[in-house]
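The data block below is entry_5.cif; it holds mmCIF, C-alpha atoms and all ligand atoms.
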data_final
loop_
_atom_site.label_atom_id
_atom_site.label_comp_id
_atom_site.auth_asym_id
_atom_site.auth_seq_id
_atom_site.Cartn_x
_atom_site.Cartn_y
_atom_site.Cartn_z
CA MET A 1 29.33 -6.29 14.59
CA ASP A 2 28.83 -9.84 15.83
CA SER A 3 29.66 -12.62 13.41
CA ILE A 4 27.81 -15.89 12.96
CA ASP A 5 30.41 -17.53 15.23
CA ASP A 6 29.92 -14.97 18.05
CA LEU A 7 26.17 -15.55 18.00
CA LYS A 8 26.56 -19.31 18.02
CA ASN A 9 28.02 -19.06 21.55
CA GLY A 10 24.74 -17.61 22.88
CA LYS A 11 21.17 -18.87 22.95
CA LEU A 12 19.51 -18.99 19.55
CA PRO A 13 15.84 -19.47 18.74
CA LYS A 14 15.01 -23.06 17.91
CA HIS A 15 12.16 -21.82 15.71
CA LEU A 16 12.41 -18.50 13.87
CA ALA A 17 9.42 -17.23 11.89
CA ILE A 18 9.51 -14.28 9.51
CA ILE A 19 6.80 -12.09 7.97
CA MET A 20 8.59 -10.97 4.81
CA ASP A 21 6.94 -7.63 4.14
CA GLY A 22 7.69 -4.64 1.92
CA ASN A 23 8.48 -6.11 -1.52
CA GLY A 24 5.87 -3.92 -3.20
CA ARG A 25 7.01 -0.69 -1.51
CA TRP A 26 10.66 -1.52 -2.23
CA ALA A 27 9.85 -1.78 -5.95
CA LYS A 28 7.65 1.35 -5.93
CA GLN A 29 10.49 3.33 -4.35
CA LYS A 30 12.58 2.37 -7.36
CA GLY A 31 9.82 3.23 -9.83
CA ARG A 32 9.34 -0.43 -10.74
CA LEU A 33 6.38 -2.83 -10.74
CA ARG A 34 5.55 -4.72 -7.52
CA VAL A 35 6.61 -8.02 -9.06
CA PHE A 36 10.16 -6.66 -9.36
CA GLY A 37 10.15 -6.47 -5.56
CA HIS A 38 9.06 -10.10 -5.25
CA GLU A 39 11.85 -11.18 -7.62
CA HIS A 40 14.40 -9.50 -5.36
CA GLY A 41 12.62 -10.92 -2.31
CA VAL A 42 13.58 -14.41 -3.47
CA LYS A 43 17.27 -13.62 -3.08
CA ALA A 44 16.67 -12.49 0.49
CA VAL A 45 14.82 -15.78 1.12
CA ARG A 46 17.83 -17.78 -0.09
CA ASP A 47 20.34 -15.77 1.98
CA VAL A 48 18.27 -15.97 5.18
CA ALA A 49 17.70 -19.72 4.78
CA VAL A 50 21.40 -20.44 4.21
CA ASN A 51 22.49 -18.19 7.10
CA CYS A 52 19.97 -19.72 9.50
CA SER A 53 21.14 -23.23 8.64
CA LYS A 54 24.77 -22.16 9.19
CA LEU A 55 23.82 -20.69 12.56
CA GLY A 56 22.24 -23.98 13.65
CA ILE A 57 18.65 -22.71 13.79
CA LYS A 58 16.56 -25.87 13.50
CA TYR A 59 13.29 -24.42 12.18
CA LEU A 60 12.72 -21.42 9.90
CA THR A 61 9.17 -20.59 8.83
CA LEU A 62 8.49 -17.94 6.17
CA TYR A 63 5.15 -16.28 5.38
CA ALA A 64 5.32 -16.51 1.58
CA PHE A 65 1.63 -16.26 0.60
CA SER A 66 -1.41 -15.70 2.80
CA THR A 67 -5.02 -16.76 2.22
CA GLU A 68 -5.75 -13.03 1.78
CA ASN A 69 -3.06 -12.65 -0.92
CA TRP A 70 -5.35 -14.44 -3.42
CA LYS A 71 -7.28 -11.14 -3.59
CA ARG A 72 -4.30 -9.31 -5.17
CA PRO A 73 -4.36 -8.43 -8.90
CA LYS A 74 -4.22 -11.55 -11.08
CA LEU A 75 -0.89 -10.52 -12.64
CA GLU A 76 0.73 -10.33 -9.21
CA VAL A 77 -0.72 -13.66 -8.01
CA ASP A 78 0.33 -15.37 -11.26
CA THR A 79 3.84 -13.92 -11.00
CA LEU A 80 4.20 -15.03 -7.37
CA MET A 81 3.17 -18.56 -8.33
CA LYS A 82 5.60 -18.59 -11.27
CA LEU A 83 8.35 -17.30 -8.98
CA LEU A 84 7.56 -20.08 -6.54
CA VAL A 85 7.95 -22.70 -9.28
CA SER A 86 11.15 -21.22 -10.72
CA SER A 87 12.71 -20.66 -7.27
CA LEU A 88 11.95 -24.21 -6.17
CA LYS A 89 13.57 -25.55 -9.35
CA LYS A 90 16.59 -23.27 -9.03
CA GLU A 91 17.16 -23.66 -5.31
CA LEU A 92 16.84 -27.43 -4.92
CA HIS A 93 20.63 -27.70 -5.00
CA THR A 94 20.98 -24.89 -2.41
CA LEU A 95 18.65 -26.82 -0.09
CA ASN A 96 20.56 -30.06 -0.53
CA GLU A 97 24.00 -28.45 -0.28
CA ASN A 98 22.98 -26.94 3.05
CA ASN A 99 21.16 -30.05 4.28
CA ILE A 100 17.84 -28.14 4.49
CA LYS A 101 14.52 -29.99 4.43
CA LEU A 102 11.62 -28.18 2.73
CA ASN A 103 8.20 -28.25 4.34
CA ALA A 104 4.95 -26.37 3.67
CA ILE A 105 1.98 -25.26 5.75
CA GLY A 106 -1.32 -23.86 4.57
CA ASN A 107 -4.06 -24.87 2.20
CA ILE A 108 -1.49 -26.01 -0.35
CA GLU A 109 -4.06 -27.99 -2.35
CA SER A 110 -5.39 -24.61 -3.53
CA LEU A 111 -2.10 -23.76 -5.28
CA PRO A 112 -1.98 -24.03 -9.10
CA SER A 113 -1.20 -27.64 -10.07
CA ARG A 114 2.32 -26.81 -11.36
CA ALA A 115 3.26 -25.07 -8.13
CA LEU A 116 1.85 -27.88 -6.02
CA ALA A 117 3.66 -30.54 -8.07
CA GLU A 118 7.00 -28.70 -7.85
CA LEU A 119 6.56 -28.11 -4.13
CA LYS A 120 5.84 -31.80 -3.50
CA GLU A 121 8.80 -32.83 -5.64
CA VAL A 122 11.27 -30.58 -3.77
CA MET A 123 9.84 -31.66 -0.41
CA ALA A 124 10.36 -35.31 -1.41
CA LYS A 125 13.89 -34.65 -2.71
CA THR A 126 14.94 -32.90 0.52
CA SER A 127 13.03 -35.07 2.98
CA SER A 128 16.11 -36.76 4.44
CA ASN A 129 17.99 -33.49 5.11
CA THR A 130 18.58 -32.84 8.79
CA THR A 131 20.27 -29.47 9.50
CA MET A 132 17.18 -27.27 9.29
CA THR A 133 13.51 -27.49 8.36
CA LEU A 134 12.48 -24.59 6.11
CA THR A 135 8.71 -24.24 6.17
CA LEU A 136 6.97 -22.09 3.56
CA ALA A 137 3.56 -20.82 4.61
CA LEU A 138 1.62 -20.89 1.33
CA SER A 139 -2.05 -20.02 1.08
CA TYR A 140 -1.76 -19.89 4.85
CA GLY A 141 -4.11 -18.22 7.31
CA SER A 142 -3.97 -18.85 11.03
CA ARG A 143 -7.71 -18.51 11.64
CA GLU A 144 -8.42 -20.99 8.86
CA GLU A 145 -5.85 -23.37 10.37
CA ILE A 146 -7.54 -23.11 13.80
CA LYS A 147 -11.00 -23.53 12.24
CA LYS A 148 -9.87 -26.71 10.48
CA ALA A 149 -8.36 -28.06 13.71
CA ILE A 150 -11.64 -27.42 15.55
CA GLN A 151 -13.62 -29.15 12.80
CA SER A 152 -11.39 -32.18 12.85
CA ILE A 153 -11.35 -32.44 16.68
CA SER A 154 -15.16 -32.02 16.74
CA THR A 155 -15.57 -34.88 14.28
CA LYS A 156 -13.42 -37.07 16.53
CA VAL A 157 -15.52 -36.07 19.54
CA LYS A 158 -18.70 -36.93 17.63
CA ASN A 159 -17.27 -40.35 16.74
CA ASN A 160 -16.17 -40.98 20.35
CA ILE A 161 -12.45 -40.96 19.44
CA ILE A 162 -11.71 -38.01 21.76
CA SER A 163 -13.71 -36.98 24.83
CA PRO A 164 -14.16 -33.21 25.29
CA GLU A 165 -12.55 -33.16 28.78
CA ASN A 166 -9.37 -34.69 27.33
CA ILE A 167 -8.84 -31.90 24.78
CA ASP A 168 -5.56 -30.26 25.79
CA GLU A 169 -2.84 -28.19 24.13
CA THR A 170 -1.10 -31.28 22.77
CA ILE A 171 -4.27 -32.46 21.03
CA ILE A 172 -4.82 -28.98 19.58
CA ASN A 173 -1.17 -28.79 18.41
CA ASN A 174 -1.53 -32.16 16.75
CA HIS A 175 -4.42 -30.88 14.60
CA LEU A 176 -2.64 -27.78 13.29
CA TYR A 177 -0.60 -27.57 10.07
CA THR A 178 2.42 -27.06 12.36
CA ARG A 179 1.96 -30.38 14.16
CA ASN A 180 5.60 -31.33 13.52
CA LEU A 181 7.07 -27.95 14.51
CA PRO A 182 7.89 -26.55 17.96
CA ASP A 183 6.40 -23.23 19.16
CA VAL A 184 7.90 -20.10 17.60
CA ASP A 185 10.66 -18.50 19.74
CA LEU A 186 11.27 -15.37 17.67
CA LEU A 187 9.05 -13.66 15.09
CA ILE A 188 10.57 -11.02 12.82
CA ARG A 189 8.51 -8.69 10.61
CA THR A 190 10.21 -6.44 8.10
CA SER A 191 9.00 -3.18 6.50
CA GLY A 192 8.18 -1.21 9.65
CA GLU A 193 4.61 -2.54 10.05
CA HIS A 194 3.75 -3.73 13.56
CA ARG A 195 1.15 -6.41 12.82
CA ILE A 196 0.85 -10.19 12.93
CA SER A 197 -1.50 -10.43 9.91
CA ASN A 198 -3.05 -13.83 10.71
CA PHE A 199 0.30 -15.63 10.95
CA LEU A 200 0.83 -18.49 13.46
CA LEU A 201 -1.48 -16.94 16.08
CA TRP A 202 -1.52 -20.05 18.32
CA GLN A 203 2.17 -20.84 17.83
CA ILE A 204 3.53 -17.38 18.80
CA ALA A 205 1.90 -17.37 22.27
CA TYR A 206 5.31 -16.91 23.98
CA ALA A 207 7.39 -15.72 21.02
CA GLU A 208 9.60 -12.66 21.20
CA LEU A 209 8.54 -10.11 18.56
CA TYR A 210 11.04 -8.10 16.53
CA PHE A 211 10.02 -5.42 14.05
CA ILE A 212 12.54 -3.87 11.68
CA ASP A 213 12.08 -0.87 9.43
CA VAL A 214 13.71 -2.40 6.35
CA PHE A 215 11.88 -3.70 3.26
CA TRP A 216 12.25 -7.46 2.75
CA PRO A 217 14.52 -7.31 -0.36
CA ASP A 218 16.96 -5.17 1.71
CA PHE A 219 17.01 -7.58 4.69
CA LYS A 220 20.66 -8.66 4.77
CA GLU A 221 22.81 -10.94 6.90
CA HIS A 222 23.70 -8.13 9.34
CA HIS A 223 19.97 -7.44 9.95
CA LEU A 224 19.43 -11.11 10.79
CA LEU A 225 22.42 -11.15 13.13
CA GLU A 226 21.21 -7.93 14.80
CA ALA A 227 17.76 -9.46 15.41
CA LEU A 228 19.33 -12.60 16.89
CA LYS A 229 21.65 -10.56 19.09
CA ASN A 230 18.63 -8.60 20.34
CA TYR A 231 16.87 -11.93 21.09
CA GLN A 232 19.89 -13.12 23.08
CA HIS A 233 19.53 -10.14 25.41
CA ARG A 234 15.88 -10.73 26.17
CA GLU A 235 14.71 -12.63 29.22
CA ARG A 236 11.95 -15.08 28.41
CA ARG A 237 9.91 -15.63 31.56
CA PHE A 238 6.91 -17.67 30.31
CA GLY A 239 4.78 -16.05 33.03
CA LYS A 240 7.32 -16.63 35.84
CA THR A 241 9.33 -13.97 37.73
CA SER A 242 13.01 -13.24 37.06
CA GLU A 243 13.90 -14.67 40.48
CA GLN A 244 12.16 -17.96 39.69
CA LEU A 245 14.20 -18.26 36.51
CA ASN A 246 17.47 -17.77 38.37
C1 LIG B 301 5.12 -9.06 1.14
O1 LIG B 301 5.43 -7.90 0.44
C2 LIG B 301 5.57 -10.25 0.47
C3 LIG B 301 4.76 -11.20 -0.10
C4 LIG B 301 3.29 -11.12 -0.11
C5 LIG B 301 5.28 -12.36 -0.76
C6 LIG B 301 6.60 -12.86 -0.27
C7 LIG B 301 7.23 -13.51 -1.42
C8 LIG B 301 8.53 -13.53 -1.70
C9 LIG B 301 9.58 -13.00 -0.78
C10 LIG B 301 9.03 -14.09 -2.97
C11 LIG B 301 8.54 -15.44 -3.30
C12 LIG B 301 8.79 -16.42 -2.24
C13 LIG B 301 9.24 -17.66 -2.44
C14 LIG B 301 9.35 -18.57 -1.26
C15 LIG B 301 9.62 -18.14 -3.76
P1 LIG B 301 4.24 -7.00 -0.08
O2 LIG B 301 3.99 -7.34 -1.50
O3 LIG B 301 3.06 -7.17 0.82
O4 LIG B 301 4.87 -5.59 0.07
P2 LIG B 301 4.11 -4.22 0.38
O5 LIG B 301 3.57 -4.35 1.78
O6 LIG B 301 5.20 -3.22 0.27
O7 LIG B 301 3.06 -4.06 -0.64
#

Please lay out the structure from this file as structure tokens.
Ligand code: FPP
Amino acid sequence: MDSIDDLKNGKLPKHLAIIMDGNGRWAKQKGRLRVFGHEHGVKAVRDVAVNCSKLGIKYLTLYAFSTENWKRPKLEVDTLMKLLVSSLKKELHTLNENNIKLNAIGNIESLPSRALAELKEVMAKTSSNTTMTLTLALSYGSREEIKKAIQSISTKVKNNIISPENIDETIINNHLYTRNLPDVDLLIRTSGEHRISNFLLWQIAYAELYFIDVFWPDFKEHHLLEALKNYQHRERRFGKTSEQLN
């Protein structure tokens, strides 16, 4: 098994994104309530974030709560929001010890006021950290993000700030929640599902996709290292031929 040091000698993704799936099924398998799975999911979040920062990955983005997740039973939504608040409080020192800056994407203004306040506080208290940016996607939906970008670019066109023929990928990038993040290099989804579920649709245009049949609370360091090793063996051509790359 490769260690963190072995992997550091090869090419690593600059931006890793993860769809953390399977908390509910993990709990059900154990005869417990879904929220038990989310509680254990938090530990996996901490371990992955710390390991990624140790590896030198600059950007880690986690799908923590989608726009569609608001439709879940109230008890589950309330518990997830409480978990967010308690985890932010508890893990502030972990973020600072590992020089990790917290960031958020999504319609965060729709979060309960306590969650939003805690999130803003931890983002402020970690804003000068430089090893890695950990972005939590919260109340995030990619189609909504693209819709908002189109609305805001259209308003600028209407007010003669942008002319339609000048709209390019940079302008579009600059109107997305992810305006300060590079494109995703590697996207991991746990739980055995092979879907993107409205996550970073624009940003994963050239990402390598990696699906693993392990529920999120069981996603351990060796699974992360295995995914990164797999990434190191892939050839990313960006539309070119192998010969052109060599
Ligand atoms: C997917 O599992 C997971 C979520 C919807 C939430 C992810 C949340 C956490 C890992 C914990 C809280 C996060 C932070 C950042 C404090 P699922 O419930 O869809 O599982 P299922 O597909 O088995 O039902």

Taking all atoms listed in the file into account, which residues are within 8 Å of ligand LIG 301 (chain B), as a compact mmCIF listing (two decimals) with C-alpha atoms, keeping the file's coordinate frame?
# COMPACT_ATOMS: atom_id res chain seq x y z
CA ILE A 19 6.80 -12.09 7.97
CA MET A 20 8.59 -10.97 4.81
CA ASP A 21 6.94 -7.63 4.14
CA GLY A 22 7.69 -4.64 1.92
CA ASN A 23 8.48 -6.11 -1.52
CA GLY A 24 5.87 -3.92 -3.20
CA ARG A 25 7.01 -0.69 -1.51
CA TRP A 26 10.66 -1.52 -2.23
CA ALA A 27 9.85 -1.78 -5.95
CA ARG A 34 5.55 -4.72 -7.52
CA GLY A 37 10.15 -6.47 -5.56
CA HIS A 38 9.06 -10.10 -5.25
CA GLU A 39 11.85 -11.18 -7.62
CA HIS A 40 14.40 -9.50 -5.36
CA GLY A 41 12.62 -10.92 -2.31
CA VAL A 42 13.58 -14.41 -3.47
CA ALA A 44 16.67 -12.49 0.49
CA VAL A 45 14.82 -15.78 1.12
CA LEU A 62 8.49 -17.94 6.17
CA TYR A 63 5.15 -16.28 5.38
CA ALA A 64 5.32 -16.51 1.58
CA PHE A 65 1.63 -16.26 0.60
CA SER A 66 -1.41 -15.70 2.80
CA ASN A 69 -3.06 -12.65 -0.92
CA LEU A 80 4.20 -15.03 -7.37
CA MET A 81 3.17 -18.56 -8.33
CA LEU A 83 8.35 -17.30 -8.98
CA LEU A 84 7.56 -20.08 -6.54
CA VAL A 85 7.95 -22.70 -9.28
CA SER A 86 11.15 -21.22 -10.72
CA SER A 87 12.71 -20.66 -7.27
CA LEU A 88 11.95 -24.21 -6.17
CA LEU A 136 6.97 -22.09 3.56
CA SER A 191 9.00 -3.18 6.50
CA PHE A 215 11.88 -3.70 3.26
CA TRP A 216 12.25 -7.46 2.75
CA PRO A 217 14.52 -7.31 -0.36

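Nearest to A:Asp183 of all the residues A:Ser163, A:Thr61, A:Ser242, A:Ser110 is A:Thr61, counting all atoms listed in the file.
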
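The shell of residues at most 9 Å from stretch 165-172 of chain A, with only C-alpha atoms counted and near chain neighbours (fewer than 2 positions) removed, consists of Ile146, Ala149, Ile150, Ile153, Ile162, Ser163, Asn174, His175, Leu176 and Arg179 of chain A.
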
Could you write out the selected residues, including C-alpha atoms, as a PDB file, in the coordinates of the input?
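New file part06.pdb:
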ATOM      1  CA  ILE A 146      -7.540 -23.110  13.800  1.00  0.00           C
ATOM      2  CA  ALA A 149      -8.360 -28.060  13.710  1.00  0.00           C
ATOM      3  CA  ILE A 150     -11.640 -27.420  15.550  1.00  0.00           C
ATOM      4  CA  ILE A 153     -11.350 -32.440  16.680  1.00  0.00           C
ATOM      5  CA  ILE A 162     -11.710 -38.010  21.760  1.00  0.00           C
ATOM      6  CA  SER A 163     -13.710 -36.980  24.830  1.00  0.00           C
ATOM      7  CA  ASN A 174      -1.530 -32.160  16.750  1.00  0.00           C
ATOM      8  CA  HIS A 175      -4.420 -30.880  14.600  1.00  0.00           C
ATOM      9  CA  LEU A 176      -2.640 -27.780  13.290  1.00  0.00           C
ATOM     10  CA  ARG A 179       1.960 -30.380  14.160  1.00  0.00           C
TER      11      ARG A 179
END

| field | Selected residue of minimal separation from A:Leu228 among A:Leu186, A:Ala207, A:Asn96, A:Lys148, counting all atoms listed in the file | value | A:Leu186

| message | Can you tell me which residues surround A:Glu144 at a distance of at most 9 Å, considering all atoms listed in the file, apart from same-chain residues fewer than 5 positions away, and format the answer as a list in words? | response | Thr67, Gly106, Asn107 and Ala149 of chain A

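Excluding A:Val122 itself and any same-chain residue fewer than 2 positions from it, the protein and nucleic acid residues within 9 Å of it, counting only C-alpha atoms, are A:Leu88, A:Lys89, A:Leu92, A:Lys101, A:Leu102, A:Asn103, A:Ala117, A:Glu118, A:Leu119, A:Lys120, A:Ala124, A:Lys125, A:Thr126, A:Ser127.
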
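The interatomic distance for the pair atom CA of A:Leu138 and atom CA of A:Phe219 works out to 20.6 Å.
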
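Nearest to A:Asp6 of all the residues A:Ala115, A:Ala49, A:Leu225, A:Leu245 is A:Leu225, based on only C-alpha atoms.
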
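Among the candidates A:Gln244, A:Asp185, A:Asp47, A:Ser142, the one nearest to A:Tyr231 when counting all atoms listed in the file is A:Asp185.
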
| said: Quick one: residues within 10 Å of A:Thr131, all atoms listed in the file, excluding same-chain residues fewer than 4 positions away - as a PyMOL selection string? | reply: chain A and resi 52-59+98-101
